[in-house]
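**Student:** What follows is coords_30.txt, compact mmCIF, C-alpha atoms and all ligand atoms.
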# COMPACT_ATOMS: atom_id res chain seq x y z
CA MET G 1 -32.64 -12.48 -22.86
CA ILE G 2 -34.71 -11.80 -19.72
CA SER G 3 -32.86 -13.88 -17.18
CA PHE G 4 -34.80 -16.05 -14.76
CA LEU G 5 -32.85 -14.77 -11.79
CA ASP G 6 -30.13 -12.16 -12.23
CA LEU G 7 -28.14 -12.60 -9.02
CA LYS G 8 -25.48 -10.16 -10.10
CA LYS G 9 -28.10 -7.45 -10.45
CA ILE G 10 -29.70 -8.41 -7.13
CA ASN G 11 -26.38 -8.01 -5.30
CA GLU G 12 -25.11 -4.99 -7.24
CA PRO G 13 -26.62 -2.33 -4.92
CA TYR G 14 -24.71 -3.88 -2.00
CA GLU G 15 -21.30 -4.04 -3.70
CA THR G 16 -19.64 -1.18 -1.84
CA ALA G 17 -21.13 -2.22 1.48
CA PHE G 18 -20.03 -5.83 0.89
CA GLN G 19 -16.48 -4.65 0.23
CA GLU G 20 -16.49 -2.60 3.42
CA LYS G 21 -17.79 -5.60 5.32
CA LEU G 22 -14.98 -7.76 3.94
CA LYS G 23 -12.48 -5.12 5.05
CA LEU G 24 -14.03 -5.07 8.51
CA VAL G 25 -13.79 -8.84 8.87
CA LEU G 26 -10.17 -8.70 7.68
CA THR G 27 -9.41 -5.92 10.13
CA ASN G 28 -11.03 -7.82 12.98
CA GLY G 29 -9.18 -11.01 12.03
CA TRP G 30 -12.08 -13.11 13.37
CA TYR G 31 -13.73 -15.45 10.84
CA ILE G 32 -15.89 -18.03 12.62
CA LEU G 33 -18.66 -17.48 15.20
CA GLY G 34 -18.01 -13.86 16.02
CA LYS G 35 -19.81 -10.54 16.15
CA GLU G 36 -21.36 -10.68 12.67
CA VAL G 37 -22.99 -14.07 13.33
CA GLU G 38 -24.19 -12.92 16.73
CA THR G 39 -25.64 -9.72 15.28
CA PHE G 40 -27.37 -11.62 12.50
CA GLU G 41 -28.81 -14.23 14.86
CA LYS G 42 -30.25 -11.48 17.01
CA ALA G 43 -31.63 -9.52 14.04
CA PHE G 44 -33.13 -12.55 12.32
CA ALA G 45 -34.74 -13.83 15.54
CA GLU G 46 -36.28 -10.40 15.96
CA TYR G 47 -37.40 -10.28 12.34
CA CYS G 48 -39.02 -13.71 12.69
CA ASN G 49 -40.57 -12.83 16.02
CA THR G 50 -38.88 -15.77 17.76
CA LYS G 51 -36.74 -16.15 20.86
CA HIS G 52 -33.78 -17.87 19.25
CA CYS G 53 -31.92 -18.01 15.97
CA ILE G 54 -29.02 -20.38 15.39
CA GLY G 55 -26.86 -19.69 12.33
CA VAL G 56 -25.75 -22.84 10.52
CA GLY G 57 -23.90 -23.85 7.36
CA ASN G 58 -26.88 -24.23 4.99
CA GLY G 59 -30.59 -24.99 4.82
CA PHE G 60 -30.12 -28.74 4.64
CA ASP G 61 -28.06 -28.76 7.84
CA ALA G 62 -30.67 -26.54 9.49
CA LEU G 63 -33.24 -29.30 8.93
CA VAL G 64 -30.92 -32.15 9.92
CA LEU G 65 -29.82 -30.37 13.09
CA ILE G 66 -33.40 -29.69 14.18
CA PHE G 67 -34.10 -33.43 13.97
CA LYS G 68 -30.80 -34.29 15.69
CA GLY G 69 -31.60 -31.76 18.39
CA TYR G 70 -34.94 -33.40 19.10
CA ILE G 71 -33.19 -36.78 19.19
CA GLU G 72 -30.71 -35.46 21.78
CA LEU G 73 -33.65 -34.17 23.84
CA GLY G 74 -35.26 -37.62 23.69
CA LYS G 75 -38.29 -36.31 21.79
CA LEU G 76 -37.45 -38.28 18.65
CA LYS G 77 -35.53 -41.50 18.19
CA LYS G 78 -33.94 -43.41 15.34
CA GLY G 79 -36.59 -45.07 13.17
CA ASP G 80 -39.40 -42.67 14.03
CA GLU G 81 -41.61 -41.67 11.11
CA VAL G 82 -41.84 -38.13 9.83
CA ILE G 83 -44.68 -36.95 7.57
CA VAL G 84 -43.37 -34.92 4.62
CA PRO G 85 -44.91 -33.71 1.34
CA ALA G 86 -44.18 -35.88 -1.70
CA ASN G 87 -44.01 -32.63 -3.67
CA THR G 88 -40.93 -30.87 -2.36
CA TYR G 89 -37.32 -30.17 -3.16
CA ILE G 90 -35.46 -33.37 -2.31
CA ALA G 91 -33.46 -31.72 0.51
CA SER G 92 -36.46 -31.93 2.85
CA ILE G 93 -36.63 -35.70 2.46
CA LEU G 94 -32.87 -36.24 2.56
CA ALA G 95 -32.67 -34.31 5.84
CA ILE G 96 -35.10 -36.74 7.50
CA LEU G 97 -33.01 -39.70 6.30
CA GLN G 98 -29.77 -38.03 7.37
CA ALA G 99 -31.13 -37.95 10.93
CA ASP G 100 -31.94 -41.71 10.78
CA LEU G 101 -35.67 -41.03 10.65
CA ILE G 102 -38.18 -42.44 8.16
CA PRO G 103 -39.88 -40.11 5.68
CA VAL G 104 -43.55 -40.84 4.95
CA LEU G 105 -44.70 -39.07 1.80
CA VAL G 106 -48.07 -37.31 1.55
CA GLU G 107 -49.63 -35.90 -1.60
CA PRO G 108 -50.05 -32.13 -2.06
CA LYS G 109 -53.17 -30.25 -3.09
CA LEU G 110 -53.11 -29.59 -6.82
CA GLU G 111 -54.33 -26.07 -6.19
CA THR G 112 -51.67 -24.92 -3.70
CA TYR G 113 -48.86 -27.41 -4.43
CA ASN G 114 -48.48 -27.72 -0.64
CA ILE G 115 -49.14 -30.78 1.55
CA ASP G 116 -52.83 -31.71 1.74
CA PRO G 117 -53.78 -31.60 5.44
CA ASP G 118 -56.73 -33.92 4.83
CA LEU G 119 -54.38 -36.72 3.76
CA ILE G 120 -52.07 -36.55 6.77
CA GLN G 121 -54.18 -38.38 9.37
CA GLU G 122 -54.40 -41.61 7.35
CA LYS G 123 -50.58 -41.79 7.17
CA ILE G 124 -50.10 -41.49 10.92
CA THR G 125 -49.02 -44.69 12.69
CA ALA G 126 -47.78 -45.47 16.19
CA LYS G 127 -44.29 -44.60 14.94
CA THR G 128 -45.18 -41.16 13.57
CA LYS G 129 -43.55 -38.50 15.74
CA ALA G 130 -43.20 -35.40 13.56
CA ILE G 131 -44.46 -33.50 10.54
CA LEU G 132 -42.06 -31.62 8.28
CA VAL G 133 -44.07 -29.04 6.37
CA VAL G 134 -42.55 -27.24 3.40
CA HIS G 135 -43.87 -23.79 2.49
CA LEU G 136 -43.20 -24.42 -1.17
CA TYR G 137 -42.56 -21.58 -3.62
CA GLY G 138 -43.06 -19.06 -0.78
CA GLN G 139 -46.63 -19.98 0.12
CA MET G 140 -47.55 -20.96 3.67
CA CYS G 141 -49.05 -24.39 4.24
CA GLU G 142 -52.43 -24.60 5.95
CA MET G 143 -50.92 -24.34 9.41
CA ASP G 144 -54.17 -24.12 11.35
CA LYS G 145 -55.27 -27.53 10.14
CA ILE G 146 -51.79 -28.99 10.41
CA SER G 147 -51.19 -27.79 13.95
CA GLU G 148 -54.54 -29.24 14.96
CA ILE G 149 -53.51 -32.64 13.62
CA ALA G 150 -50.12 -32.29 15.31
CA LYS G 151 -51.70 -31.46 18.67
CA LYS G 152 -54.19 -34.30 18.43
CA ASN G 153 -51.45 -36.83 17.66
CA ASN G 154 -48.76 -35.24 19.82
CA LEU G 155 -46.42 -34.59 16.90
CA ILE G 156 -43.50 -32.21 16.58
CA VAL G 157 -43.88 -29.70 13.75
CA VAL G 158 -40.79 -28.75 11.80
CA GLU G 159 -41.06 -26.14 9.05
CA ASP G 160 -38.87 -25.99 5.95
CA ALA G 161 -38.92 -22.26 5.25
CA ALA G 162 -36.04 -22.31 2.75
CA GLN G 163 -38.36 -20.74 0.17
CA SER G 164 -40.47 -18.58 2.46
CA HIS G 165 -38.39 -16.02 4.38
CA GLY G 166 -40.78 -13.38 5.65
CA ALA G 167 -43.91 -15.32 4.77
CA ILE G 168 -44.40 -16.46 8.29
CA ASN G 169 -42.84 -13.94 10.58
CA ASN G 170 -46.14 -12.93 12.09
CA GLN G 171 -47.81 -16.21 12.71
CA GLN G 172 -45.15 -18.84 13.17
CA LEU G 173 -44.44 -20.89 16.24
CA THR G 174 -47.86 -20.50 17.73
CA ILE G 175 -48.36 -24.11 16.86
CA ASN G 176 -48.07 -27.11 19.11
CA ASN G 177 -46.74 -25.16 22.08
CA LEU G 178 -42.98 -25.32 22.07
CA ASN G 179 -42.65 -28.35 19.84
CA SER G 180 -41.63 -26.45 16.80
CA ALA G 181 -38.61 -25.21 14.90
CA ILE G 182 -38.08 -23.62 11.52
CA ALA G 183 -35.25 -24.11 9.01
CA TYR G 184 -34.04 -21.40 6.63
CA SER G 185 -31.56 -21.43 3.76
CA PHE G 186 -29.57 -18.42 2.58
CA TYR G 187 -28.43 -20.07 -0.63
CA PRO G 188 -27.78 -17.20 -3.10
CA GLY G 189 -31.03 -17.64 -5.05
CA LYS G 190 -33.38 -17.64 -2.04
CA ASN G 191 -35.45 -14.59 -1.09
CA LEU G 192 -32.72 -13.76 1.43
CA GLY G 193 -29.46 -15.03 -0.04
CA CYS G 194 -25.80 -14.64 0.86
CA LEU G 195 -22.74 -15.05 -1.40
CA GLY G 196 -22.25 -18.73 -0.72
CA ASP G 197 -23.89 -21.24 1.59
CA GLY G 198 -25.70 -20.24 4.75
CA GLY G 199 -28.65 -21.27 6.87
CA ALA G 200 -30.42 -20.73 10.17
CA ILE G 201 -32.85 -22.29 12.60
CA THR G 202 -35.43 -20.30 14.55
CA THR G 203 -37.31 -21.58 17.57
CA ASN G 204 -38.98 -20.47 20.80
CA ASP G 205 -37.83 -23.65 22.52
CA SER G 206 -34.89 -22.57 24.70
CA GLU G 207 -33.94 -26.14 25.53
CA LEU G 208 -33.74 -27.06 21.85
CA ALA G 209 -31.85 -23.86 21.04
CA LYS G 210 -29.21 -24.67 23.64
CA VAL G 211 -28.64 -28.10 22.11
CA LEU G 212 -28.51 -26.62 18.59
CA PHE G 213 -25.92 -23.96 19.46
CA SER G 214 -23.78 -26.85 20.62
CA LEU G 215 -24.59 -29.42 17.88
CA ARG G 216 -23.54 -27.06 15.07
CA ASN G 217 -20.13 -26.72 16.68
CA TYR G 218 -19.02 -30.32 17.30
CA GLY G 219 -21.46 -30.73 20.16
CA SER G 220 -19.43 -28.39 22.26
CA GLU G 221 -20.33 -25.13 23.95
CA LYS G 222 -17.19 -24.85 25.94
CA LYS G 223 -14.12 -25.41 23.79
CA TYR G 224 -12.86 -29.02 23.91
CA HIS G 225 -15.78 -30.11 26.13
CA ASN G 226 -18.16 -32.15 23.97
CA GLU G 227 -21.64 -32.80 25.29
CA TYR G 228 -23.15 -34.25 22.13
CA ILE G 229 -22.07 -36.01 18.94
CA GLY G 230 -22.19 -32.82 16.93
CA VAL G 231 -21.18 -31.68 13.47
CA ASN G 232 -19.38 -28.73 11.94
CA SER G 233 -22.10 -26.54 10.47
CA ARG G 234 -21.57 -22.89 11.25
CA LEU G 235 -22.71 -19.77 9.46
CA ASP G 236 -19.46 -17.93 8.84
CA GLU G 237 -18.70 -14.34 9.76
CA LEU G 238 -18.41 -13.03 6.23
CA GLN G 239 -21.73 -14.52 5.07
CA ALA G 240 -23.43 -13.30 8.26
CA GLY G 241 -21.97 -9.87 7.56
CA PHE G 242 -23.45 -9.86 4.06
CA LEU G 243 -26.81 -11.05 5.42
CA ASN G 244 -26.78 -8.24 7.99
CA LEU G 245 -26.65 -5.82 5.07
CA LYS G 246 -29.44 -7.53 3.11
CA LEU G 247 -31.93 -8.41 5.85
CA PRO G 248 -33.31 -4.86 6.19
CA ASN G 249 -34.50 -5.02 2.56
CA LEU G 250 -36.14 -8.45 2.73
CA ASP G 251 -39.66 -7.11 3.29
CA SER G 252 -39.44 -4.58 0.45
CA ASP G 253 -37.98 -7.26 -1.87
CA ASN G 254 -40.86 -9.57 -0.99
CA GLU G 255 -43.29 -6.73 -1.65
CA LYS G 256 -41.76 -6.29 -5.12
CA ARG G 257 -42.26 -10.00 -5.78
CA ARG G 258 -45.90 -9.76 -4.67
CA LYS G 259 -46.45 -6.78 -6.98
CA ILE G 260 -45.14 -8.73 -9.95
CA ALA G 261 -47.26 -11.73 -8.95
CA LYS G 262 -50.33 -9.50 -8.78
CA ARG G 263 -49.68 -8.23 -12.30
CA TYR G 264 -49.16 -11.76 -13.65
CA LEU G 265 -52.36 -12.96 -11.97
CA GLU G 266 -54.40 -10.07 -13.30
CA GLU G 267 -52.93 -9.69 -16.74
CA ILE G 268 -51.98 -13.14 -17.98
CA LYS G 269 -55.10 -14.31 -19.78
CA ASN G 270 -54.56 -17.54 -21.62
CA ASP G 271 -56.73 -20.68 -21.42
CA LYS G 272 -53.65 -22.85 -21.82
CA ILE G 273 -52.02 -21.50 -18.69
CA ILE G 274 -53.07 -22.27 -15.11
CA LEU G 275 -51.95 -19.52 -12.75
CA PRO G 276 -50.92 -20.20 -9.15
CA PHE G 277 -53.35 -19.96 -6.27
CA TRP G 278 -52.98 -16.97 -3.95
CA ASP G 279 -55.15 -16.52 -0.92
CA ILE G 280 -54.59 -12.84 -0.11
CA SER G 281 -54.85 -13.56 3.62
CA ASN G 282 -51.80 -15.80 3.17
CA ASN G 283 -48.61 -13.78 3.24
CA HIS G 284 -47.15 -15.43 0.10
CA VAL G 285 -43.60 -14.25 -0.65
CA PHE G 286 -43.43 -15.67 -4.19
CA HIS G 287 -40.00 -17.22 -4.07
CA LEU G 288 -41.24 -18.70 -7.33
CA PHE G 289 -44.16 -17.94 -9.61
CA VAL G 290 -45.14 -21.38 -10.82
CA ILE G 291 -47.66 -21.84 -13.61
CA ARG G 292 -48.96 -25.09 -15.05
CA THR G 293 -49.69 -26.07 -18.61
CA GLU G 294 -50.41 -29.33 -20.38
CA ASN G 295 -47.50 -29.18 -22.80
CA ARG G 296 -44.91 -27.63 -20.53
CA ASP G 297 -41.87 -28.29 -22.72
CA LYS G 298 -43.56 -26.60 -25.68
CA LEU G 299 -44.33 -23.50 -23.62
CA GLN G 300 -40.79 -23.37 -22.28
CA GLU G 301 -39.39 -23.67 -25.80
CA TYR G 302 -41.70 -20.88 -26.98
CA LEU G 303 -40.58 -18.59 -24.15
CA THR G 304 -36.91 -19.35 -24.82
CA GLN G 305 -37.41 -18.41 -28.46
CA ASN G 306 -38.87 -15.16 -27.22
CA ASN G 307 -35.84 -14.53 -25.00
CA ILE G 308 -37.57 -15.31 -21.70
CA GLN G 309 -35.66 -17.70 -19.48
CA THR G 310 -37.74 -20.07 -17.33
CA VAL G 311 -36.88 -22.92 -14.97
CA ILE G 312 -38.69 -26.13 -13.95
CA HIS G 313 -39.10 -26.60 -10.18
CA TYR G 314 -38.82 -29.55 -10.29
CA PRO G 315 -38.63 -31.91 -13.26
CA ILE G 316 -38.44 -35.25 -11.36
CA PRO G 317 -40.40 -35.98 -8.17
CA PRO G 318 -38.32 -37.29 -5.25
CA HIS G 319 -39.99 -40.73 -5.32
CA LYS G 320 -38.97 -41.15 -8.98
CA GLN G 321 -35.30 -40.32 -8.38
CA ASN G 322 -32.67 -43.05 -8.86
CA ALA G 323 -31.50 -42.36 -5.30
CA PHE G 324 -34.85 -43.67 -4.03
CA SER G 325 -35.17 -46.75 -6.22
CA GLU G 326 -37.30 -48.49 -3.56
CA TRP G 327 -39.92 -45.77 -4.05
CA ASN G 328 -39.88 -45.67 -7.85
CA ALA G 329 -42.90 -47.94 -8.21
CA LEU G 330 -45.01 -45.92 -5.78
CA SER G 331 -47.74 -43.75 -7.22
CA PHE G 332 -48.32 -40.13 -6.23
CA PRO G 333 -50.45 -38.93 -9.14
CA ILE G 334 -50.87 -35.31 -8.02
CA THR G 335 -47.16 -34.92 -7.32
CA GLU G 336 -46.36 -36.47 -10.71
CA LYS G 337 -48.85 -34.25 -12.50
CA ILE G 338 -47.32 -31.16 -10.90
CA HIS G 339 -43.81 -32.21 -11.88
CA ASN G 340 -44.96 -32.80 -15.46
CA GLU G 341 -46.77 -29.49 -15.85
CA VAL G 342 -44.99 -26.79 -13.85
CA LEU G 343 -42.91 -23.95 -15.19
CA SER G 344 -41.47 -21.05 -13.17
CA LEU G 345 -41.60 -17.55 -14.64
CA PRO G 346 -39.06 -14.85 -13.76
CA ILE G 347 -40.21 -13.01 -10.62
CA SER G 348 -37.08 -11.56 -9.04
CA PRO G 349 -37.28 -8.11 -7.41
CA VAL G 350 -34.94 -6.64 -10.05
CA LEU G 351 -37.26 -7.27 -13.03
CA THR G 352 -38.19 -4.01 -14.78
CA ASP G 353 -41.73 -2.98 -15.69
CA THR G 354 -40.81 -3.27 -19.36
CA GLU G 355 -39.65 -6.85 -18.82
CA ILE G 356 -42.84 -7.71 -16.94
CA ASP G 357 -44.96 -6.12 -19.71
CA PHE G 358 -43.09 -8.18 -22.28
CA ILE G 359 -43.44 -11.49 -20.40
CA ILE G 360 -47.21 -10.93 -20.03
CA GLU G 361 -47.59 -9.99 -23.69
CA ILE G 362 -45.66 -13.04 -24.93
CA LEU G 363 -47.62 -15.39 -22.65
CA ASN G 364 -50.92 -13.95 -23.84
CA GLN G 365 -49.89 -14.63 -27.43
CA TYR G 366 -49.08 -18.30 -26.78
CA ASN G 367 -51.39 -20.82 -28.37
C1 LIG G 401 -33.00 -24.63 -0.92
C2 LIG G 401 -33.83 -25.58 -0.17
C3 LIG G 401 -33.32 -26.39 0.85
C4 LIG G 401 -31.86 -26.53 1.12
O1 LIG G 401 -31.15 -25.38 1.35
P1 LIG G 401 -29.56 -25.38 1.12
O2 LIG G 401 -29.12 -24.12 1.77
O3 LIG G 401 -29.32 -25.41 -0.33
O4 LIG G 401 -29.00 -26.57 1.81
C5 LIG G 401 -34.18 -27.16 1.57
N1 LIG G 401 -35.50 -27.18 1.30
C6 LIG G 401 -36.04 -26.44 0.32
C7 LIG G 401 -37.52 -26.49 0.08
C8 LIG G 401 -35.23 -25.62 -0.46
O5 LIG G 401 -35.76 -24.90 -1.45
Have the structure of the file written as structure tokens, please.
**Tutor:**
Amino acid sequence: MISFLDLKKINEPYETAFQEKLKLVLTNGWYILGKEVETFEKAFAEYCNTKHCIGVGNGFDALVLIFKGYIELGKLKKGDEVIVPANTYIASILAILQADLIPVLVEPKLETYNIDPDLIQEKITAKTKAILVVHLYGQMCEMDKISEIAKKNNLIVVEDAAQSHGAINNQQLTINNLNSAIAYSFYPGKNLGCLGDGGAITTNDSELAKVLFSLRNYGSEKKYHNEYIGVNSRLDELQAGFLNLKLPNLDSDNEKRRKIAKRYLEEIKNDKIILPFWDISNNHVFHLFVIRTENRDKLQEYLTQNNIQTVIHYPIPPHKQNAFSEWNALSFPITEKIHNEVLSLPISPVLTDTEIDFIIEILNQYN
């Protein structure tokens, strides 16, 4: 079986270094907010070309804390509306709700799967104060258009980059002056993943960064002095240590993903299969390679029979989830179509050429 994502194989080259890192943390006897976290925050900020990086517990908390940070700064308040794509992993929407803000869903473009900038303006009301863009599957949203809309309407731009590490390190945070922050997840299956939960926020906004360093640690910078109603969401030393070992290979891993994507795009030739859009000027990092087909379940079954594991990202749109029963009757036809037709092919950096050859061959034989 060609596995969709062989995490064991991805982490294998680091095994000895991981063990040494564990030893080091044990020797130091310091487990929370120490040297490893500090080193990672510095390295990741540098990698992302931003002033600040704040390590947090996971990607969801990264999003929630950004919103809470803006609330503490008085730039957002409870009940404000936040534009968000209807086609996203549910965490993006839950994070808005967790911060007592109101998500307003916008349809994606069928071609890119990302939020359609042309549909944002009509959803903006007097209560709209922010846009949460999601660079889904590793592909940047159309940030030029989006930042224009944000500037015109004086909106904060928050980016969910949980699937797009490295996609945006050259062009991010130029938008909307300082009113911007980016959330990352280091969940094991992401392009940069640790061995458990982990996350980070990057921003050029020093005022926001100061609040975030405090919010993640009970709202306190100085021990037992609490400035804000904070939470406990810290990236831990061990995970930061593992990330310090993996970060230097992120770009080459992303390059491997792009190479596989290029082969799929050039060599998969089947009328029944719609391949993903890739604008070469867009630094896509192919967290996922998502194809569409009319009878998705049939294709998945066929691939399983041929020992190729695939995954559906995602089978049920957020507005159709039981958790959002008040939205169930709403209609987002493009989002629904995407959820009905998508299938993710294996694209991890550890796939072999033989495996890629085989996947292409089997897909070309599908009818
Ligand atoms: C993974 C993911 C998250 C959440 O990250 P966690 O670390 O699992 O909390 C948020 N948004 C998107 C788009 C994701 O893919």
**Student:** Measure the distance from CA of Leu22 in chain G to CA of Leu63 in chain G in Å and round it to one decimal.
**Tutor:** 28.7 Å
**Student:** Return the single residue from G:Ile260, G:Ile146, G:Val25, G:Val134 that is closest to ligand LIG 401 (chain G), with distances computed using only C-alpha atoms and all ligand atoms.
**Tutor:** G:Val134
**Student:** When distances are computed from only C-alpha atoms and all ligand atoms, which of G:Gln305, G:Thr16, G:Ser180, G:Ser164 shows the smallest separation from ligand LIG 401 (chain G)?
**Tutor:**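 Ranking G:Gln305, G:Thr16, G:Ser180, G:Ser164 by distance to ligand LIG 401 (chain G), first place goes to G:Ser164.
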**Student:** Between G:Lys246, G:Lys222, G:Arg263, G:Lys21, which residue has the minimum interatomic distance to Ala43 in chain G, considering all atoms listed in the file?
**Tutor:** G:Lys246
**Student:** May I have a table of the residues of chain G lying at most 9 Å from ligand LIG 401 (chain G), giving each one's closest pair of atoms and their distance in Å to one decimal, counting all atoms listed in the file, ordered by chain and ascending residue number, as a tab-separated table?
**Tutor:**
residue	atom	partner	partner_atom	distance
G:Gly57	CA	G:LIG401	O2	7.7
G:Asn58	CA	G:LIG401	O2	3.9
G:Gly59	CA	G:LIG401	O2	3.5
G:Phe60	CA	G:LIG401	O4	3.7
G:Asp61	CA	G:LIG401	O4	6.5
G:Ala62	CA	G:LIG401	O4	7.9
G:Leu63	CA	G:LIG401	C5	7.7
G:Thr88	CA	G:LIG401	C7	6.1
G:Tyr89	CA	G:LIG401	C7	4.9
G:Ile90	CA	G:LIG401	N1	7.2
G:Ala91	CA	G:LIG401	C5	4.7
G:Ser92	CA	G:LIG401	N1	5.1
G:Ile93	CA	G:LIG401	N1	8.7
G:Ala95	CA	G:LIG401	C5	8.5
G:Val134	CA	G:LIG401	C7	6.1
G:His135	CA	G:LIG401	C7	7.3
G:Leu136	CA	G:LIG401	C7	6.2
G:Tyr137	CA	G:LIG401	O5	7.9
G:Asp160	CA	G:LIG401	N1	5.9
G:Ala161	CA	G:LIG401	C7	6.8
G:Ala162	CA	G:LIG401	C8	4.7
G:Gln163	CA	G:LIG401	O5	5.2
G:Ser164	CA	G:LIG401	C7	8.8
G:Ala183	CA	G:LIG401	C5	8.1
G:Tyr184	CA	G:LIG401	O1	7.2
G:Ser185	CA	G:LIG401	O2	4.1
G:Phe186	CA	G:LIG401	O2	5.8
G:Tyr187	CA	G:LIG401	O2	4.8
G:Pro188	CA	G:LIG401	O2	8.6
G:Gly189	CA	G:LIG401	C1	8.4
G:Lys190	CA	G:LIG401	C1	7.1
G:Asp197	CA	G:LIG401	O2	6.0
G:Gly198	CA	G:LIG401	O2	6.0
G:Gly199	CA	G:LIG401	O2	5.9
**Student:** Between G:Asp6, G:Leu215, G:Ile83, G:Thr112, single out the one closest to Ile149 in chain G, counting all atoms listed in the file.
**Tutor:**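 Counting all atoms listed in the file, the residue closest to Ile149 in chain G is G:Ile83.
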